[in-house]
$ cat structure.tsv   # TSV, N, CA and C atoms
chain	number	residue	atom	x	y	z
A	1	MET	N	51.36	-114.83	-61.65
A	1	MET	CA	52.27	-115.34	-60.64
A	1	MET	C	51.44	-116.10	-59.59
A	2	TYR	N	51.88	-117.28	-59.27
A	2	TYR	CA	51.18	-118.13	-58.30
A	2	TYR	C	51.66	-117.83	-56.89
A	3	ARG	N	50.72	-117.67	-56.01
A	3	ARG	CA	51.05	-117.48	-54.59
A	3	ARG	C	50.41	-118.57	-53.78
A	4	LYS	N	51.18	-119.11	-52.86
A	4	LYS	CA	50.64	-120.11	-51.95
A	4	LYS	C	49.65	-119.44	-51.00
A	5	LYS	N	48.57	-120.11	-50.72
A	5	LYS	CA	47.62	-119.57	-49.76
A	5	LYS	C	48.24	-119.63	-48.37
A	6	ARG	N	48.20	-118.55	-47.68
A	6	ARG	CA	48.82	-118.47	-46.35
A	6	ARG	C	47.76	-118.59	-45.27
A	7	LYS	N	48.19	-119.14	-44.14
A	7	LYS	CA	47.31	-119.21	-42.99
A	7	LYS	C	47.10	-117.81	-42.43
A	8	PRO	N	45.91	-117.51	-41.92
A	8	PRO	CA	45.70	-116.18	-41.32
A	8	PRO	C	46.58	-116.02	-40.07
A	9	LEU	N	47.02	-114.81	-39.83
A	9	LEU	CA	47.83	-114.53	-38.65
A	9	LEU	C	46.96	-114.57	-37.40
A	10	LYS	N	47.52	-115.15	-36.35
A	10	LYS	CA	46.79	-115.21	-35.09
A	10	LYS	C	47.08	-113.97	-34.26
A	11	ARG	N	46.05	-113.43	-33.69
A	11	ARG	CA	46.24	-112.31	-32.77
A	11	ARG	C	46.44	-112.88	-31.37
A	12	THR	N	47.40	-112.32	-30.65
A	12	THR	CA	47.61	-112.79	-29.29
A	12	THR	C	46.79	-111.91	-28.36
A	13	PRO	N	46.17	-112.48	-27.34
A	13	PRO	CA	45.26	-111.71	-26.49
A	13	PRO	C	45.94	-110.65	-25.64
A	14	HIS	N	47.24	-110.79	-25.38
A	14	HIS	CA	47.91	-109.85	-24.47
A	14	HIS	C	48.60	-108.69	-25.20
A	15	THR	N	48.45	-108.60	-26.49
A	15	THR	CA	49.12	-107.52	-27.22
A	15	THR	C	48.14	-106.82	-28.15
A	16	ARG	N	48.53	-105.63	-28.54
A	16	ARG	CA	47.81	-104.92	-29.59
A	16	ARG	C	48.57	-105.21	-30.87
A	17	GLY	N	47.89	-105.33	-31.96
A	17	GLY	CA	48.58	-105.59	-33.21
A	17	GLY	C	48.88	-107.07	-33.35
A	18	VAL	N	49.77	-107.37	-34.24
A	18	VAL	CA	50.08	-108.76	-34.55
A	18	VAL	C	51.56	-109.01	-34.32
A	19	LYS	N	51.84	-110.10	-33.65
A	19	LYS	CA	53.23	-110.50	-33.44
A	19	LYS	C	53.60	-111.45	-34.58
A	20	LEU	N	54.56	-111.06	-35.39
A	20	LEU	CA	54.96	-111.88	-36.51
A	20	LEU	C	56.06	-112.84	-36.10
A	21	LYS	N	55.95	-114.06	-36.57
A	21	LYS	CA	56.96	-115.07	-36.28
A	21	LYS	C	58.18	-114.79	-37.15
A	22	ARG	N	59.37	-114.81	-36.52
A	22	ARG	CA	60.61	-114.60	-37.27
A	22	ARG	C	61.25	-115.95	-37.53
A	23	ASN	N	61.68	-116.17	-38.75
A	23	ASN	CA	62.29	-117.44	-39.11
A	23	ASN	C	63.75	-117.52	-38.70
A	24	LYS	N	64.46	-116.42	-38.77
A	24	LYS	CA	65.89	-116.42	-38.46
A	24	LYS	C	66.15	-115.52	-37.26
A	25	LYS	N	67.18	-115.87	-36.52
A	25	LYS	CA	67.60	-115.01	-35.43
A	25	LYS	C	68.25	-113.77	-36.00
A	26	PHE	N	68.00	-112.66	-35.35
A	26	PHE	CA	68.61	-111.40	-35.75
A	26	PHE	C	69.92	-111.29	-34.99
A	27	LEU	N	70.99	-111.80	-35.58
A	27	LEU	CA	72.28	-111.87	-34.89
A	27	LEU	C	73.00	-110.53	-34.90
A	28	PRO	N	73.77	-110.25	-33.85
A	28	PRO	CA	74.56	-109.02	-33.83
A	28	PRO	C	75.57	-109.04	-34.99
A	29	SER	N	75.60	-107.96	-35.76
A	29	SER	CA	76.51	-107.93	-36.91
A	29	SER	C	77.27	-106.62	-37.08
A	30	LEU	N	76.92	-105.60	-36.30
A	30	LEU	CA	77.61	-104.30	-36.42
A	30	LEU	C	78.80	-104.25	-35.47
A	31	ASP	N	79.97	-103.96	-36.00
A	31	ASP	CA	81.18	-103.84	-35.18
A	31	ASP	C	81.19	-102.52	-34.44
A	32	THR	N	81.68	-102.55	-33.20
A	32	THR	CA	81.81	-101.34	-32.40
A	32	THR	C	83.28	-101.09	-32.10
A	33	ASN	N	83.59	-99.92	-31.62
A	33	ASN	CA	84.97	-99.59	-31.23
A	33	ASN	C	85.42	-100.41	-30.03
A	34	ALA	N	84.46	-100.96	-29.29
A	34	ALA	CA	84.78	-101.76	-28.11
A	34	ALA	C	85.09	-103.21	-28.49
A	35	GLY	N	84.93	-103.54	-29.77
A	35	GLY	CA	85.22	-104.90	-30.22
A	35	GLY	C	84.05	-105.86	-30.03
A	36	VAL	N	82.87	-105.32	-29.73
A	36	VAL	CA	81.67	-106.13	-29.53
A	36	VAL	C	80.76	-105.92	-30.73
A	37	LYS	N	80.12	-106.97	-31.19
A	37	LYS	CA	79.13	-106.84	-32.26
A	37	LYS	C	77.76	-106.59	-31.64
A	38	VAL	N	77.00	-105.66	-32.23
A	38	VAL	CA	75.67	-105.31	-31.74
A	38	VAL	C	74.65	-105.45	-32.87
A	39	ARG	N	73.37	-105.34	-32.52
A	39	ARG	CA	72.30	-105.56	-33.49
A	39	ARG	C	71.84	-104.30	-34.23
A	40	SER	N	71.99	-103.12	-33.62
A	40	SER	CA	71.43	-101.90	-34.23
A	40	SER	C	72.42	-100.75	-34.19
A	41	HIS	N	72.15	-99.76	-35.03
A	41	HIS	CA	72.99	-98.56	-35.04
A	41	HIS	C	72.86	-97.81	-33.72
A	42	TYR	N	71.66	-97.84	-33.13
A	42	TYR	CA	71.46	-97.19	-31.84
A	42	TYR	C	72.35	-97.83	-30.78
A	43	GLU	N	72.40	-99.16	-30.77
A	43	GLU	CA	73.25	-99.86	-29.81
A	43	GLU	C	74.72	-99.61	-30.08
A	44	LYS	N	75.08	-99.46	-31.35
A	44	LYS	CA	76.47	-99.16	-31.70
A	44	LYS	C	76.89	-97.82	-31.12
A	45	VAL	N	76.03	-96.82	-31.24
A	45	VAL	CA	76.32	-95.49	-30.67
A	45	VAL	C	76.52	-95.62	-29.16
A	46	CYS	N	75.66	-96.38	-28.51
A	46	CYS	CA	75.74	-96.57	-27.06
A	46	CYS	C	77.05	-97.27	-26.67
A	47	ALA	N	77.37	-98.38	-27.34
A	47	ALA	CA	78.59	-99.13	-27.03
A	47	ALA	C	79.83	-98.27	-27.27
A	48	ASP	N	79.85	-97.53	-28.37
A	48	ASP	CA	81.00	-96.66	-28.67
A	48	ASP	C	81.16	-95.58	-27.62
A	49	PHE	N	80.04	-94.97	-27.20
A	49	PHE	CA	80.10	-93.93	-26.17
A	49	PHE	C	80.66	-94.49	-24.87
A	50	LEU	N	80.12	-95.63	-24.44
A	50	LEU	CA	80.59	-96.23	-23.19
A	50	LEU	C	82.07	-96.58	-23.26
A	51	HIS	N	82.50	-97.11	-24.38
A	51	HIS	CA	83.90	-97.47	-24.58
A	51	HIS	C	84.80	-96.22	-24.53
A	52	GLU	N	84.39	-95.18	-25.25
A	52	GLU	CA	85.17	-93.93	-25.29
A	52	GLU	C	85.30	-93.29	-23.91
A	53	ASN	N	84.30	-93.52	-23.05
A	53	ASN	CA	84.30	-92.92	-21.72
A	53	ASN	C	84.74	-93.90	-20.63
A	54	ASN	N	85.38	-94.98	-21.06
A	54	ASN	CA	85.94	-95.99	-20.14
A	54	ASN	C	84.91	-96.53	-19.13
A	55	VAL	N	83.69	-96.72	-19.61
A	55	VAL	CA	82.65	-97.30	-18.78
A	55	VAL	C	82.53	-98.77	-19.17
A	56	GLU	N	82.80	-99.64	-18.20
A	56	GLU	CA	82.71	-101.08	-18.46
A	56	GLU	C	81.25	-101.45	-18.69
A	57	PHE	N	81.00	-102.30	-19.69
A	57	PHE	CA	79.64	-102.75	-19.95
A	57	PHE	C	79.64	-104.19	-20.43
A	58	ILE	N	78.48	-104.82	-20.27
A	58	ILE	CA	78.24	-106.16	-20.80
A	58	ILE	C	77.08	-106.02	-21.76
A	59	TYR	N	77.27	-106.49	-22.99
A	59	TYR	CA	76.22	-106.41	-24.00
A	59	TYR	C	75.31	-107.64	-23.90
A	60	GLU	N	74.03	-107.39	-23.83
A	60	GLU	CA	73.00	-108.41	-23.75
A	60	GLU	C	73.31	-109.54	-22.77
A	61	PRO	N	73.51	-109.20	-21.50
A	61	PRO	CA	73.74	-110.27	-20.51
A	61	PRO	C	72.47	-111.09	-20.31
A	62	LEU	N	72.63	-112.36	-20.09
A	62	LEU	CA	71.48	-113.22	-19.82
A	62	LEU	C	71.11	-113.08	-18.35
A	63	ILE	N	69.87	-112.69	-18.09
A	63	ILE	CA	69.39	-112.62	-16.71
A	63	ILE	C	68.11	-113.45	-16.62
A	64	ILE	N	67.87	-114.00	-15.46
A	64	ILE	CA	66.67	-114.81	-15.25
A	64	ILE	C	65.87	-114.16	-14.13
A	65	ILE	N	64.64	-113.81	-14.46
A	65	ILE	CA	63.74	-113.18	-13.50
A	65	ILE	C	62.44	-113.97	-13.49
A	66	GLU	N	62.05	-114.39	-12.30
A	66	GLU	CA	60.80	-115.15	-12.15
A	66	GLU	C	60.76	-116.35	-13.10
A	67	GLY	N	61.93	-116.99	-13.28
A	67	GLY	CA	62.01	-118.19	-14.11
A	67	GLY	C	62.04	-117.96	-15.61
A	68	LYS	N	62.06	-116.71	-16.05
A	68	LYS	CA	62.10	-116.42	-17.48
A	68	LYS	C	63.41	-115.73	-17.84
A	69	LYS	N	63.87	-115.98	-19.07
A	69	LYS	CA	65.13	-115.41	-19.54
A	69	LYS	C	64.90	-114.07	-20.23
A	70	TYR	N	65.79	-113.13	-19.94
A	70	TYR	CA	65.76	-111.81	-20.57
A	70	TYR	C	67.18	-111.41	-20.95
A	71	ARG	N	67.28	-110.56	-21.96
A	71	ARG	CA	68.58	-110.04	-22.37
A	71	ARG	C	68.48	-108.52	-22.53
A	72	PRO	N	68.72	-107.77	-21.46
A	72	PRO	CA	68.74	-106.31	-21.59
A	72	PRO	C	69.85	-105.90	-22.56
A	73	ASP	N	69.74	-104.73	-23.16
A	73	ASP	CA	70.75	-104.32	-24.14
A	73	ASP	C	72.14	-104.19	-23.51
A	74	PHE	N	72.23	-103.50	-22.39
A	74	PHE	CA	73.52	-103.27	-21.74
A	74	PHE	C	73.39	-103.38	-20.23
A	75	TYR	N	74.46	-103.83	-19.60
A	75	TYR	CA	74.56	-103.81	-18.15
A	75	TYR	C	75.88	-103.14	-17.79
A	76	LEU	N	75.82	-102.15	-16.90
A	76	LEU	CA	77.01	-101.44	-16.43
A	76	LEU	C	77.30	-101.89	-15.01
A	77	PRO	N	78.24	-102.84	-14.82
A	77	PRO	CA	78.49	-103.41	-13.49
A	77	PRO	C	78.90	-102.38	-12.44
A	78	GLU	N	79.69	-101.39	-12.86
A	78	GLU	CA	80.17	-100.37	-11.91
A	78	GLU	C	79.01	-99.60	-11.27
A	79	TYR	N	77.91	-99.45	-12.02
A	79	TYR	CA	76.77	-98.68	-11.54
A	79	TYR	C	75.56	-99.58	-11.21
A	80	ASP	N	75.71	-100.89	-11.41
A	80	ASP	CA	74.61	-101.84	-11.25
A	80	ASP	C	73.38	-101.32	-11.99
A	81	LEU	N	73.57	-101.02	-13.28
A	81	LEU	CA	72.54	-100.37	-14.09
A	81	LEU	C	72.33	-101.12	-15.41
A	82	PHE	N	71.05	-101.33	-15.74
A	82	PHE	CA	70.69	-101.89	-17.03
A	82	PHE	C	70.24	-100.76	-17.94
A	83	ILE	N	70.66	-100.81	-19.20
A	83	ILE	CA	70.25	-99.80	-20.17
A	83	ILE	C	69.54	-100.50	-21.32
A	84	GLU	N	68.37	-99.98	-21.65
A	84	GLU	CA	67.61	-100.48	-22.79
A	84	GLU	C	67.51	-99.34	-23.81
A	85	ILE	N	67.90	-99.63	-25.04
A	85	ILE	CA	67.76	-98.67	-26.13
A	85	ILE	C	66.48	-99.03	-26.88
A	86	CYS	N	65.53	-98.11	-26.89
A	86	CYS	CA	64.21	-98.37	-27.47
A	86	CYS	C	64.07	-97.61	-28.78
A	87	GLY	N	64.10	-98.34	-29.88
A	87	GLY	CA	64.08	-97.69	-31.18
A	87	GLY	C	62.90	-98.02	-32.06
A	88	TYR	N	62.05	-98.94	-31.67
A	88	TYR	CA	60.92	-99.34	-32.51
A	88	TYR	C	59.60	-98.91	-31.87
A	89	ASN	N	59.55	-97.68	-31.39
A	89	ASN	CA	58.41	-97.20	-30.63
A	89	ASN	C	57.13	-97.08	-31.45
A	90	HIS	N	57.23	-97.14	-32.77
A	90	HIS	CA	56.06	-97.05	-33.63
A	90	HIS	C	55.29	-98.37	-33.70
A	91	MET	N	55.87	-99.44	-33.16
A	91	MET	CA	55.25	-100.77	-33.21
A	91	MET	C	54.54	-101.07	-31.89
A	92	PRO	N	53.22	-101.30	-31.93
A	92	PRO	CA	52.47	-101.54	-30.68
A	92	PRO	C	53.03	-102.69	-29.85
A	93	PHE	N	53.40	-103.81	-30.46
A	93	PHE	CA	53.93	-104.94	-29.70
A	93	PHE	C	55.21	-104.54	-28.97
A	94	TYR	N	56.06	-103.78	-29.64
A	94	TYR	CA	57.33	-103.34	-29.05
A	94	TYR	C	57.07	-102.41	-27.87
A	95	ARG	N	56.13	-101.48	-28.02
A	95	ARG	CA	55.78	-100.57	-26.91
A	95	ARG	C	55.27	-101.36	-25.71
A	96	ASP	N	54.44	-102.37	-25.97
A	96	ASP	CA	53.92	-103.20	-24.88
A	96	ASP	C	55.06	-103.94	-24.19
A	97	ARG	N	56.01	-104.43	-24.95
A	97	ARG	CA	57.16	-105.16	-24.40
A	97	ARG	C	58.01	-104.24	-23.51
A	98	ILE	N	58.23	-103.02	-23.95
A	98	ILE	CA	59.01	-102.04	-23.16
A	98	ILE	C	58.26	-101.71	-21.87
A	99	LYS	N	56.97	-101.52	-21.96
A	99	LYS	CA	56.17	-101.23	-20.76
A	99	LYS	C	56.28	-102.39	-19.78
A	100	PHE	N	56.21	-103.62	-20.29
A	100	PHE	CA	56.34	-104.81	-19.46
A	100	PHE	C	57.72	-104.86	-18.79
A	101	LYS	N	58.78	-104.57	-19.56
A	101	LYS	CA	60.14	-104.62	-19.01
A	101	LYS	C	60.35	-103.55	-17.94
A	102	ARG	N	59.84	-102.35	-18.17
A	102	ARG	CA	59.95	-101.28	-17.15
A	102	ARG	C	59.35	-101.75	-15.82
A	103	GLU	N	58.16	-102.31	-15.91
A	103	GLU	CA	57.47	-102.78	-14.71
A	103	GLU	C	58.22	-103.94	-14.06
A	104	LEU	N	58.72	-104.86	-14.88
A	104	LEU	CA	59.46	-106.01	-14.38
A	104	LEU	C	60.72	-105.56	-13.62
A	105	TYR	N	61.48	-104.64	-14.20
A	105	TYR	CA	62.70	-104.14	-13.56
A	105	TYR	C	62.36	-103.41	-12.26
A	106	ARG	N	61.30	-102.58	-12.31
A	106	ARG	CA	60.91	-101.83	-11.11
A	106	ARG	C	60.49	-102.78	-10.00
A	107	LYS	N	59.67	-103.76	-10.35
A	107	LYS	CA	59.16	-104.73	-9.38
A	107	LYS	C	60.28	-105.54	-8.73
A	108	ASN	N	61.36	-105.76	-9.45
A	108	ASN	CA	62.48	-106.55	-8.94
A	108	ASN	C	63.64	-105.68	-8.46
A	109	ASN	N	63.36	-104.40	-8.22
A	109	ASN	CA	64.35	-103.44	-7.70
A	109	ASN	C	65.64	-103.42	-8.51
A	110	MET	N	65.49	-103.43	-9.82
A	110	MET	CA	66.65	-103.38	-10.72
A	110	MET	C	66.78	-101.96	-11.26
A	111	ARG	N	67.94	-101.37	-11.05
A	111	ARG	CA	68.17	-100.02	-11.55
A	111	ARG	C	68.26	-100.10	-13.07
A	112	SER	N	67.45	-99.27	-13.75
A	112	SER	CA	67.44	-99.31	-15.22
A	112	SER	C	67.15	-97.94	-15.81
A	113	GLU	N	67.61	-97.77	-17.04
A	113	GLU	CA	67.33	-96.57	-17.82
A	113	GLU	C	66.88	-97.01	-19.20
A	114	PHE	N	65.81	-96.42	-19.68
A	114	PHE	CA	65.29	-96.71	-21.01
A	114	PHE	C	65.50	-95.45	-21.86
A	115	ILE	N	66.22	-95.61	-22.95
A	115	ILE	CA	66.47	-94.49	-23.85
A	115	ILE	C	65.62	-94.70	-25.09
A	116	SER	N	64.58	-93.88	-25.23
A	116	SER	CA	63.67	-93.98	-26.38
A	116	SER	C	64.13	-93.07	-27.50
A	117	VAL	N	64.37	-93.67	-28.65
A	117	VAL	CA	64.82	-92.92	-29.83
A	117	VAL	C	63.66	-92.92	-30.81
A	118	HIS	N	63.23	-91.74	-31.23
A	118	HIS	CA	62.07	-91.61	-32.12
A	118	HIS	C	62.51	-91.18	-33.51
A	119	ASN	N	62.99	-92.11	-34.31
A	119	ASN	CA	63.37	-91.84	-35.71
A	119	ASN	C	63.94	-90.44	-35.91
A	120	ASN	N	64.78	-90.06	-35.04
A	120	ASN	CA	65.39	-88.74	-35.06
A	120	ASN	C	66.66	-88.79	-35.91
A	121	HIS	N	66.78	-87.88	-36.88
A	121	HIS	CA	67.98	-87.90	-37.71
A	121	HIS	C	69.22	-87.52	-36.92
A	122	ASN	N	69.06	-86.97	-35.73
A	122	ASN	CA	70.19	-86.66	-34.85
A	122	ASN	C	70.27	-87.68	-33.71
A	123	TYR	N	69.92	-88.94	-34.01
A	123	TYR	CA	69.85	-89.96	-32.96
A	123	TYR	C	71.19	-90.15	-32.26
A	124	GLU	N	72.29	-90.03	-32.98
A	124	GLU	CA	73.60	-90.24	-32.36
A	124	GLU	C	73.85	-89.20	-31.27
A	125	GLN	N	73.60	-87.95	-31.59
A	125	GLN	CA	73.77	-86.86	-30.62
A	125	GLN	C	72.80	-87.05	-29.44
A	126	PHE	N	71.57	-87.45	-29.73
A	126	PHE	CA	70.56	-87.65	-28.69
A	126	PHE	C	70.99	-88.74	-27.71
A	127	ILE	N	71.43	-89.90	-28.24
A	127	ILE	CA	71.83	-91.03	-27.39
A	127	ILE	C	73.05	-90.65	-26.55
A	128	ARG	N	74.04	-90.00	-27.17
A	128	ARG	CA	75.25	-89.60	-26.44
A	128	ARG	C	74.92	-88.63	-25.31
A	129	LYS	N	74.02	-87.69	-25.58
A	129	LYS	CA	73.64	-86.72	-24.55
A	129	LYS	C	72.94	-87.41	-23.38
A	130	ARG	N	71.99	-88.31	-23.69
A	130	ARG	CA	71.27	-89.04	-22.63
A	130	ARG	C	72.23	-89.88	-21.79
A	131	LEU	N	73.14	-90.60	-22.47
A	131	LEU	CA	74.11	-91.43	-21.74
A	131	LEU	C	75.01	-90.57	-20.86
A	132	SER	N	75.42	-89.43	-21.38
A	132	SER	CA	76.27	-88.53	-20.61
A	132	SER	C	75.55	-88.07	-19.34
A	133	LEU	N	74.28	-87.71	-19.47
A	133	LEU	CA	73.50	-87.29	-18.31
A	133	LEU	C	73.36	-88.43	-17.29
A	134	ILE	N	73.11	-89.63	-17.78
A	134	ILE	CA	72.94	-90.79	-16.90
A	134	ILE	C	74.23	-91.07	-16.14
A	135	ILE	N	75.35	-91.14	-16.85
A	135	ILE	CA	76.64	-91.45	-16.23
A	135	ILE	C	77.05	-90.36	-15.24
A	136	ASN	N	76.86	-89.10	-15.62
A	136	ASN	CA	77.20	-87.99	-14.72
A	136	ASN	C	76.36	-88.00	-13.46
A	137	SER	N	75.07	-88.34	-13.59
A	137	SER	CA	74.22	-88.36	-12.38
A	137	SER	C	74.61	-89.51	-11.45
A	138	LEU	N	75.10	-90.61	-12.01
A	138	LEU	CA	75.48	-91.74	-11.19
A	138	LEU	C	76.88	-91.57	-10.56
A	139	SER	N	77.70	-90.77	-11.22
A	139	SER	CA	79.07	-90.56	-10.74
A	139	SER	C	79.13	-89.53	-9.60
A	140	SER	N	78.10	-88.69	-9.49
A	140	SER	CA	78.16	-87.63	-8.47
A	140	SER	C	77.85	-88.15	-7.10
$ encode --input "structure.tsv" --output "C-alpha cells"
Amino acid sequence: MYRKKRKPLKRTPHTRGVKLKRNKKFLPSLDTNAGVKVRSHYEKVCADFLHENNVEFIYEPLIIIEGKKYRPDFYLPEYDLFIEICGYNHMPFYRDRIKFKRELYRKNNMRSEFISVHNNHNYEQFIRKRLSLIINSLSS
C-alpha cells in the first residue's frame, strides 16, 4: 500500500504536546430536550438539566475579550454565569486551554464554573449533581 509522505508536525512553543489541525468544523449535532443542538454528550446532559429546571441558558455565546473571540459552552443570563464542561482532560493541549480560560475569566471578573468530567461511566449523574449544587448556591 502506497502512503504519501507527510510533513512533520510542528510543535507550538506555548503548548505541551502537538496541536493537530482539523480539516472540518465539529458542528453541533446532538439534539437536546431544550431544542438546541450541542457538540458532546456531556453538553447534552447539561442542556437537558438546565431545561428541566427552567434555567434559561445560551449555548456557545460569542464573547470578545481583549480583541479575541471565545465561545464558552453555556451562559446563564439570570446568574451572569459562564459554564464550561471539560471532558478532554487527558489531552495536554486541552488542559492548557482550560487553564488559560480560567485565568482569562478571572482576570476579566467573569463569573464562571468549570465542570471537569474524567471518563466517568456515571458522568450524567456527576454533571447533574454539580449543576444542582451550582444553581442552588446561586439561588440562595
$ closest_residue --input "structure.tsv" --among "A:Ile98, A:Ile85, A:Val38, A:Leu76" --to "Glu56 of chain A" --atoms "only N, CA and C atoms"
A:Leu76
$ atom_distance --input "structure.tsv" --atom1 "atom C of Lys44 of chain A" --atom2 "atom CA of Tyr79 of chain A"
19.6 Å
$ residues_near_point --input "structure.tsv" --point "(72.5, -89.0, -30.3)" --cutoff "12 Å" --atoms "only C-alpha atoms" --output "list of chain:residue names"
A:His41, A:Tyr42, A:Glu43, A:Lys44, A:Val45, A:Cys46, A:Asp48, A:Phe49, A:Ile85, A:Ile115, A:Ser116, A:Val117, A:His118, A:Asn119, A:Asn120, A:His121, A:Asn122, A:Tyr123, A:Glu124, A:Gln125, A:Phe126, A:Ile127, A:Arg128, A:Lys129, A:Arg130, A:Leu131, A:Ser132
$ atom_distance --input "structure.tsv" --atom1 "atom C of Arg97 of chain A" --atom2 "atom C of Asn33 of chain A"
28.4 Å
$ atom_distance --input "structure.tsv" --atom1 "atom N of His51 of chain A" --atom2 "atom CA of Glu113 of chain A"
16.5 Å
$ select_by_dssp --input "structure.tsv" --residues "segment 21-127 of chain A" --states "helix (DSSP H, G or I)" --output "number ranges by chain"
A: 41-52, 92-107, 123-127
$ write_last_selection --input "structure.tsv" --atoms "N, CA and C atoms" --output "compact mmCIF listing (two decimals), in the coordinates of the input"
# COMPACT_ATOMS: atom_id res chain seq x y z
N HIS A 41 72.15 -99.76 -35.03
CA HIS A 41 72.99 -98.56 -35.04
C HIS A 41 72.86 -97.81 -33.72
N TYR A 42 71.66 -97.84 -33.13
CA TYR A 42 71.46 -97.19 -31.84
C TYR A 42 72.35 -97.83 -30.78
N GLU A 43 72.40 -99.16 -30.77
CA GLU A 43 73.25 -99.86 -29.81
C GLU A 43 74.72 -99.61 -30.08
N LYS A 44 75.08 -99.46 -31.35
CA LYS A 44 76.47 -99.16 -31.70
C LYS A 44 76.89 -97.82 -31.12
N VAL A 45 76.03 -96.82 -31.24
CA VAL A 45 76.32 -95.49 -30.67
C VAL A 45 76.52 -95.62 -29.16
N CYS A 46 75.66 -96.38 -28.51
CA CYS A 46 75.74 -96.57 -27.06
C CYS A 46 77.05 -97.27 -26.67
N ALA A 47 77.37 -98.38 -27.34
CA ALA A 47 78.59 -99.13 -27.03
C ALA A 47 79.83 -98.27 -27.27
N ASP A 48 79.85 -97.53 -28.37
CA ASP A 48 81.00 -96.66 -28.67
C ASP A 48 81.16 -95.58 -27.62
N PHE A 49 80.04 -94.97 -27.20
CA PHE A 49 80.10 -93.93 -26.17
C PHE A 49 80.66 -94.49 -24.87
N LEU A 50 80.12 -95.63 -24.44
CA LEU A 50 80.59 -96.23 -23.19
C LEU A 50 82.07 -96.58 -23.26
N HIS A 51 82.50 -97.11 -24.38
CA HIS A 51 83.90 -97.47 -24.58
C HIS A 51 84.80 -96.22 -24.53
N GLU A 52 84.39 -95.18 -25.25
CA GLU A 52 85.17 -93.93 -25.29
C GLU A 52 85.30 -93.29 -23.91
N PRO A 92 53.22 -101.30 -31.93
CA PRO A 92 52.47 -101.54 -30.68
C PRO A 92 53.03 -102.69 -29.85
N PHE A 93 53.40 -103.81 -30.46
CA PHE A 93 53.93 -104.94 -29.70
C PHE A 93 55.21 -104.54 -28.97
N TYR A 94 56.06 -103.78 -29.64
CA TYR A 94 57.33 -103.34 -29.05
C TYR A 94 57.07 -102.41 -27.87
N ARG A 95 56.13 -101.48 -28.02
CA ARG A 95 55.78 -100.57 -26.91
C ARG A 95 55.27 -101.36 -25.71
N ASP A 96 54.44 -102.37 -25.97
CA ASP A 96 53.92 -103.20 -24.88
C ASP A 96 55.06 -103.94 -24.19
N ARG A 97 56.01 -104.43 -24.95
CA ARG A 97 57.16 -105.16 -24.40
C ARG A 97 58.01 -104.24 -23.51
N ILE A 98 58.23 -103.02 -23.95
CA ILE A 98 59.01 -102.04 -23.16
C ILE A 98 58.26 -101.71 -21.87
N LYS A 99 56.97 -101.52 -21.96
CA LYS A 99 56.17 -101.23 -20.76
C LYS A 99 56.28 -102.39 -19.78
N PHE A 100 56.21 -103.62 -20.29
CA PHE A 100 56.34 -104.81 -19.46
C PHE A 100 57.72 -104.86 -18.79
N LYS A 101 58.78 -104.57 -19.56
CA LYS A 101 60.14 -104.62 -19.01
C LYS A 101 60.35 -103.55 -17.94
N ARG A 102 59.84 -102.35 -18.17
CA ARG A 102 59.95 -101.28 -17.15
C ARG A 102 59.35 -101.75 -15.82
N GLU A 103 58.16 -102.31 -15.91
CA GLU A 103 57.47 -102.78 -14.71
C GLU A 103 58.22 -103.94 -14.06
N LEU A 104 58.72 -104.86 -14.88
CA LEU A 104 59.46 -106.01 -14.38
C LEU A 104 60.72 -105.56 -13.62
N TYR A 105 61.48 -104.64 -14.20
CA TYR A 105 62.70 -104.14 -13.56
C TYR A 105 62.36 -103.41 -12.26
N ARG A 106 61.30 -102.58 -12.31
CA ARG A 106 60.91 -101.83 -11.11
C ARG A 106 60.49 -102.78 -10.00
N LYS A 107 59.67 -103.76 -10.35
CA LYS A 107 59.16 -104.73 -9.38
C LYS A 107 60.28 -105.54 -8.73
N TYR A 123 69.92 -88.94 -34.01
CA TYR A 123 69.85 -89.96 -32.96
C TYR A 123 71.19 -90.15 -32.26
N GLU A 124 72.29 -90.03 -32.98
CA GLU A 124 73.60 -90.24 -32.36
C GLU A 124 73.85 -89.20 -31.27
N GLN A 125 73.60 -87.95 -31.59
CA GLN A 125 73.77 -86.86 -30.62
C GLN A 125 72.80 -87.05 -29.44
N PHE A 126 71.57 -87.45 -29.73
CA PHE A 126 70.56 -87.65 -28.69
C PHE A 126 70.99 -88.74 -27.71
N ILE A 127 71.43 -89.90 -28.24
CA ILE A 127 71.83 -91.03 -27.39
C ILE A 127 73.05 -90.65 -26.55
$ residues_around --input "structure.tsv" --residues "Leu27 of chain A" --least-positions-apart "6" --cutoff "8 Å" --atoms "only N, CA and C atoms" --output "list in words"
Lys37, Val38, Arg39 and Ser40 of chain A
$ select_by_dssp --input "structure.tsv" --residues "segment 29-87 of chain A" --states "strand (DSSP E)" --output "PyMOL selection string"
chain A and resi 30-31+37-38+58-59+63-65+68-70+74-76+81-86
$ closest_residue --input "structure.tsv" --among "A:Met110, A:Ala34, A:Glu103, A:Asn136" --to "Glu52 of chain A" --atoms "all atoms listed in the file"
A:Ala34
